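S.K.: The structure is given below, and queries will be raised subsequently.
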Amino acid sequence: MTTTTTTTTTTPPATLDQPLLRPARLGDLSLPNRVVMAPTTRARAANAGLLPTEMHAAYYGQRAAAGLIITEGTWVSERAIGFSAVPGVYSEAQVAAWRRVTDVVHALGGRIVLQLWHTGAASHPDHLGGALPAGPSAVNPHERSYTPSGFKSTVTPREMTTADIGTTIGEYGAAAANARRAGFDGVEVHALGPFLIPQFLNPRLNRRSDGYGAGRAGRRRLLFEIIDAVAAPWSGRDGRDGRDGRDGRDGRDGRRVGVRLSPYWTTGDRFTADEATLADYDELVAELSARPVAYLHLRGPAPATPGGGPDFDAFARYRRLFDGPLIANLGFGRESGNAVIESGTADAVSFATHFIANPDLVTRFALGRELAAGDPGTYYTGGAEGYVDYPVSAWRAERTEPAVGAREEGDRVSP
């Protein structure tokens, strides 16, 4: 008798009931799933105009299955620049180039918001034609800025005048209007790390005695005025899908502005996640509920051990204070992402390094496939390698009913 081997094209059962794969509503943004692509600086705008290129369109288009794409931080003005080869959104040429990116993402069924960035005192004169960076006070943040000739230590900035602050708020508003003209579905205010807005929130760096300092309320003022400025261009805009908004809203109240915070950020001697800092953020997050905010994007503390999981309690602290949707970030995988949503601690989860190496991350989550690892050596190199050349997971047939004496092979996934 002859024994044969039957080859089938089956994989482990898809797990489509995962919380990460459920639709969600973030303000006026309707998401088909809760797998969010986190903003990640990749330094690929290596041109004189700091324009996004066809590589940017390919990169974001490859990841259009994300419930929401949040772009890399993008300069609101030339004075905001503090990292090499990062695109801006302050010129007409940049707006036109970003339109190419949004058209590709939308053609592939995606949703994309633009993150607005200003480095403030964490910049360097090399980015500013030799001029000093500006910050809340003349205090060196003791950070490092990535310049065309490599990382350099920051210098003591000049203190921003009230006129400077007003100009900066106006630049944020203009950048948000440009984002809308470029076809984005909304914007996210970059208010994390050691950059302009966290500098104003930080009493070690903000030593002002005027209305933009002198206590917690004053230190929060810049952020709140920026939120109001960037929300204005979206006021009166109907939702893209025409459906009613969250909590019965009709999609016309401009809730297309997200805010990203990092209360647990710790670097050097200026940014420390001590109890005083966390108490400041408690008040800030509670006040955000009264602002025209579509969602809060919260970067949690780094895992306690290499490869460790995220700290759910750290997110729960702010979940209790914020009435709107919350996106959790840092240290999550598929299992922990599903768990934090199922527990009600977060409404969505954002992934950075996983999306770098896995353009088909949503598919891999849905089918239970292994994740590929990225190459940190190509994060900021400026070319296609390590940017648009990560493959999707390959299909491997599963052998069943093996022949007598044959070696049985299980289904293996190749990244």
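FYI, nothing fancy with the structure tokens labels: chains A, B, ... in order, residues from 1 per chain, ligands from 1 as they appear.
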I need the residues in stretch 138-384 of chain A that are helix (DSSP H, G or I) according to DSSP; give them as number ranges by chain.

M.R.: A: 162-181, 196-201, 216-234, 246-248, 275-288, 312-319, 334-342, 353-357, 361-367, 376-378

S.K.: Write out as a PyMOL selection string each polymer residue whose atoms come within 8 Å of A:Pro23, counting only C-alpha atoms; drop sequence neighbours fewer than 4 positions from it.

M.R.: chain A and resi 30-34

S.K.: Could you pull the residues within 7 Å of stretch 383-387 of chain A, counting only C-alpha atoms, minus those fewer than 4 positions along the same chain, as a VMD selection string?

M.R.: chain A and resid 44 59 375 378 to 379

S.K.: Just to be explicit: take each residue in the selection above, keep N, CA, C and O atoms, and write the result as a tab-separated table (two decimals), in the first residue's frame.

M.R.:
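The resulting file, out.tsv, is shown below:
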```
chain	number	residue	atom	x	y	z
A	44	ARG	N	14.30	60.47	7.59
A	44	ARG	CA	14.35	60.17	6.15
A	44	ARG	C	14.06	61.39	5.28
A	44	ARG	O	14.07	61.27	4.05
A	59	TYR	N	6.32	54.05	3.16
A	59	TYR	CA	6.45	53.61	4.55
A	59	TYR	C	5.09	53.64	5.27
A	59	TYR	O	4.67	52.64	5.88
A	375	ASP	N	16.17	46.51	13.15
A	375	ASP	CA	17.61	46.74	13.22
A	375	ASP	C	17.85	48.18	13.67
A	375	ASP	O	17.73	49.11	12.87
A	378	THR	N	19.73	50.91	11.61
A	378	THR	CA	19.17	51.59	10.44
A	378	THR	C	18.07	52.58	10.80
A	378	THR	O	17.40	53.10	9.91
A	379	TYR	N	17.88	52.85	12.08
A	379	TYR	CA	16.78	53.73	12.48
A	379	TYR	C	16.90	55.13	11.89
A	379	TYR	O	15.92	55.74	11.49
```

S.K.: Could you make a table, as CSV, of the residues of stretch 148-247 of chain A that have an atom within 12 Å of an atom of stretch 75-93 of chain A, each with its nearest atom pair and distance in Å to one decimal, counting only C-alpha atoms, in chain and number order?

M.R.:
```
residue,atom,partner,partner_atom,distance
A:Pro148,CA,A:Ser84,CA,5.9
A:Ser149,CA,A:Ser84,CA,9.2
A:Gly150,CA,A:Ser84,CA,8.9
A:Phe151,CA,A:Phe83,CA,9.2
A:Lys152,CA,A:Phe83,CA,10.6
A:Ser153,CA,A:Gly82,CA,11.7
A:Thr154,CA,A:Gly82,CA,10.1
A:Met160,CA,A:Arg79,CA,11.9
A:Asp164,CA,A:Arg79,CA,10.5
A:Ile165,CA,A:Arg79,CA,11.9
A:Thr167,CA,A:Ser77,CA,10.2
A:Thr168,CA,A:Ser77,CA,8.4
A:Ile169,CA,A:Val76,CA,9.7
A:Gly170,CA,A:Val76,CA,9.6
A:Glu171,CA,A:Val76,CA,6.0
A:Tyr172,CA,A:Val76,CA,5.8
A:Gly173,CA,A:Val76,CA,8.8
A:Ala174,CA,A:Tyr90,CA,7.6
A:Ala175,CA,A:Val76,CA,5.4
A:Ala176,CA,A:Val76,CA,8.5
A:Ala177,CA,A:Val89,CA,9.6
A:Asn178,CA,A:Val89,CA,6.6
A:Ala179,CA,A:Val89,CA,7.1
A:Arg180,CA,A:Val89,CA,10.6
A:Arg181,CA,A:Glu92,CA,10.0
A:Ala182,CA,A:Val89,CA,9.0
A:Phe184,CA,A:Val89,CA,11.5
A:Val187,CA,A:Val89,CA,11.5
A:Glu188,CA,A:Val76,CA,11.9
A:Val189,CA,A:Val76,CA,10.5
A:His190,CA,A:Trp75,CA,10.2
A:Pro194,CA,A:Gly82,CA,11.5
A:Phe195,CA,A:Gly82,CA,9.3
A:Leu196,CA,A:Ala80,CA,8.7
A:Ile197,CA,A:Ala80,CA,11.5
A:Ile226,CA,A:Val76,CA,11.6
A:Val230,CA,A:Val76,CA,10.9
```

S.K.: My list of candidates is A:Ala65, A:Ala279, A:Leu288, A:Val105. Which is closest to A:Ile227 when distances are computed with only C-alpha atoms?

M.R.: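 Under the stated criterion, the closest residue is A:Leu288.
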
S.K.: Can you pull out every residue within 12 Å of A:Ala346, counting only C-alpha atoms, but drop anything in the same chain fewer than 6 positions away, and send it as a PyMOL selection string?

M.R.: chain A and resi 19-20+24+26+34-35+295-300+312-320+322-329+332+336-340

S.K.: Kindly export the residues of the current selection with N, CA and C atoms, as a JSON list (two decimals), in the first residue's frame.

M.R.:
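Just written: again.json:
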```
[["chain", "number", "residue", "atom", "x", "y", "z"],
["A", 19, "PRO", "N", -9.41, 41.99, 21.79],
["A", 19, "PRO", "CA", -9.77, 43.39, 22.04],
["A", 19, "PRO", "C", -9.02, 44.36, 21.11],
["A", 20, "LEU", "N", -7.77, 44.07, 20.77],
["A", 20, "LEU", "CA", -7.01, 44.94, 19.89],
["A", 20, "LEU", "C", -7.66, 45.08, 18.51],
["A", 24, "ALA", "N", -13.07, 51.18, 17.37],
["A", 24, "ALA", "CA", -13.06, 52.15, 18.46],
["A", 24, "ALA", "C", -13.38, 53.53, 17.91],
["A", 26, "LEU", "N", -12.27, 57.47, 18.81],
["A", 26, "LEU", "CA", -11.45, 58.42, 19.56],
["A", 26, "LEU", "C", -11.87, 59.81, 19.13],
["A", 34, "ARG", "N", -7.80, 48.73, 17.22],
["A", 34, "ARG", "CA", -7.17, 49.53, 18.27],
["A", 34, "ARG", "C", -5.65, 49.41, 18.29],
["A", 35, "VAL", "N", -5.09, 48.98, 17.17],
["A", 35, "VAL", "CA", -3.64, 48.86, 17.02],
["A", 35, "VAL", "C", -3.15, 50.16, 16.38],
["A", 295, "TYR", "N", -8.20, 62.41, 22.22],
["A", 295, "TYR", "CA", -7.64, 61.30, 22.99],
["A", 295, "TYR", "C", -6.41, 61.77, 23.73],
["A", 296, "LEU", "N", -6.05, 61.04, 24.77],
["A", 296, "LEU", "CA", -4.78, 61.20, 25.48],
["A", 296, "LEU", "C", -3.89, 60.02, 25.13],
["A", 297, "HIS", "N", -2.70, 60.32, 24.64],
["A", 297, "HIS", "CA", -1.74, 59.29, 24.26],
["A", 297, "HIS", "C", -0.65, 59.29, 25.33],
["A", 298, "LEU", "N", -0.62, 58.27, 26.15],
["A", 298, "LEU", "CA", 0.21, 58.27, 27.35],
["A", 298, "LEU", "C", 1.38, 57.30, 27.21],
["A", 299, "ARG", "N", 2.59, 57.85, 27.34],
["A", 299, "ARG", "CA", 3.79, 57.01, 27.37],
["A", 299, "ARG", "C", 4.05, 56.62, 28.81],
["A", 300, "GLY", "N", 4.04, 55.33, 29.08],
["A", 300, "GLY", "CA", 4.22, 54.85, 30.43],
["A", 300, "GLY", "C", 5.68, 54.75, 30.81],
["A", 312, "PHE", "N", 0.63, 48.36, 34.31],
["A", 312, "PHE", "CA", -0.78, 48.75, 34.13],
["A", 312, "PHE", "C", -1.20, 49.81, 35.14],
["A", 313, "ASP", "N", -0.67, 49.73, 36.35],
["A", 313, "ASP", "CA", -1.06, 50.69, 37.38],
["A", 313, "ASP", "C", -0.67, 52.11, 37.00],
["A", 314, "ALA", "N", 0.44, 52.25, 36.29],
["A", 314, "ALA", "CA", 0.89, 53.58, 35.87],
["A", 314, "ALA", "C", -0.12, 54.21, 34.93],
["A", 315, "PHE", "N", -0.72, 53.42, 34.07],
["A", 315, "PHE", "CA", -1.74, 53.94, 33.16],
["A", 315, "PHE", "C", -3.07, 54.15, 33.88],
["A", 316, "ALA", "N", -3.38, 53.24, 34.80],
["A", 316, "ALA", "CA", -4.63, 53.35, 35.54],
["A", 316, "ALA", "C", -4.69, 54.64, 36.35],
["A", 317, "ARG", "N", -3.55, 55.11, 36.82],
["A", 317, "ARG", "CA", -3.50, 56.36, 37.59],
["A", 317, "ARG", "C", -4.12, 57.51, 36.80],
["A", 318, "TYR", "N", -3.83, 57.57, 35.50],
["A", 318, "TYR", "CA", -4.32, 58.67, 34.69],
["A", 318, "TYR", "C", -5.64, 58.35, 33.99],
["A", 319, "ARG", "N", -5.93, 57.06, 33.85],
["A", 319, "ARG", "CA", -7.24, 56.67, 33.33],
["A", 319, "ARG", "C", -8.35, 57.19, 34.24],
["A", 320, "ARG", "N", -8.10, 57.17, 35.54],
["A", 320, "ARG", "CA", -9.10, 57.63, 36.51],
["A", 320, "ARG", "C", -9.32, 59.14, 36.43],
["A", 322, "PHE", "N", -8.87, 61.11, 33.48],
["A", 322, "PHE", "CA", -9.20, 61.62, 32.15],
["A", 322, "PHE", "C", -10.48, 60.97, 31.65],
["A", 323, "ASP", "N", -11.44, 61.78, 31.23],
["A", 323, "ASP", "CA", -12.75, 61.26, 30.84],
["A", 323, "ASP", "C", -12.78, 60.70, 29.42],
["A", 324, "GLY", "N", -11.82, 61.09, 28.58],
["A", 324, "GLY", "CA", -11.86, 60.68, 27.18],
["A", 324, "GLY", "C", -11.09, 59.41, 26.90],
["A", 325, "PRO", "N", -10.96, 59.07, 25.61],
["A", 325, "PRO", "CA", -10.22, 57.87, 25.21],
["A", 325, "PRO", "C", -8.74, 57.98, 25.54],
["A", 326, "LEU", "N", -8.14, 56.85, 25.91],
["A", 326, "LEU", "CA", -6.73, 56.81, 26.29],
["A", 326, "LEU", "C", -6.00, 55.77, 25.45],
["A", 327, "ILE", "N", -4.87, 56.18, 24.84],
["A", 327, "ILE", "CA", -3.99, 55.27, 24.13],
["A", 327, "ILE", "C", -2.78, 55.00, 25.01],
["A", 328, "ALA", "N", -2.51, 53.74, 25.30],
["A", 328, "ALA", "CA", -1.36, 53.36, 26.13],
["A", 328, "ALA", "C", -0.17, 53.03, 25.24],
["A", 329, "ASN", "N", 1.03, 53.38, 25.71],
["A", 329, "ASN", "CA", 2.24, 53.18, 24.92],
["A", 329, "ASN", "C", 3.41, 52.79, 25.80],
["A", 332, "PHE", "N", 4.43, 47.25, 25.19],
["A", 332, "PHE", "CA", 3.32, 46.34, 24.95],
["A", 332, "PHE", "C", 3.60, 45.37, 23.81],
["A", 336, "SER", "N", -0.26, 41.66, 26.21],
["A", 336, "SER", "CA", -0.44, 42.76, 27.16],
["A", 336, "SER", "C", -1.33, 43.85, 26.58],
["A", 337, "GLY", "N", -1.25, 44.05, 25.25],
["A", 337, "GLY", "CA", -2.14, 45.02, 24.62],
["A", 337, "GLY", "C", -3.59, 44.62, 24.73],
["A", 338, "ASN", "N", -3.87, 43.36, 24.47],
["A", 338, "ASN", "CA", -5.24, 42.87, 24.64],
["A", 338, "ASN", "C", -5.70, 43.00, 26.09],
["A", 339, "ALA", "N", -4.80, 42.71, 27.01],
["A", 339, "ALA", "CA", -5.16, 42.72, 28.43],
["A", 339, "ALA", "C", -5.47, 44.13, 28.93],
["A", 340, "VAL", "N", -4.68, 45.12, 28.50],
["A", 340, "VAL", "CA", -4.90, 46.47, 29.01],
["A", 340, "VAL", "C", -6.19, 47.06, 28.46]]
```

S.K.: Distance atom CA of A:Arg219-atom CA of A:Thr267, one decimal place?

M.R.: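 Going from atom CA of A:Arg219 over to atom CA of A:Thr267 covers 19.7 Å.
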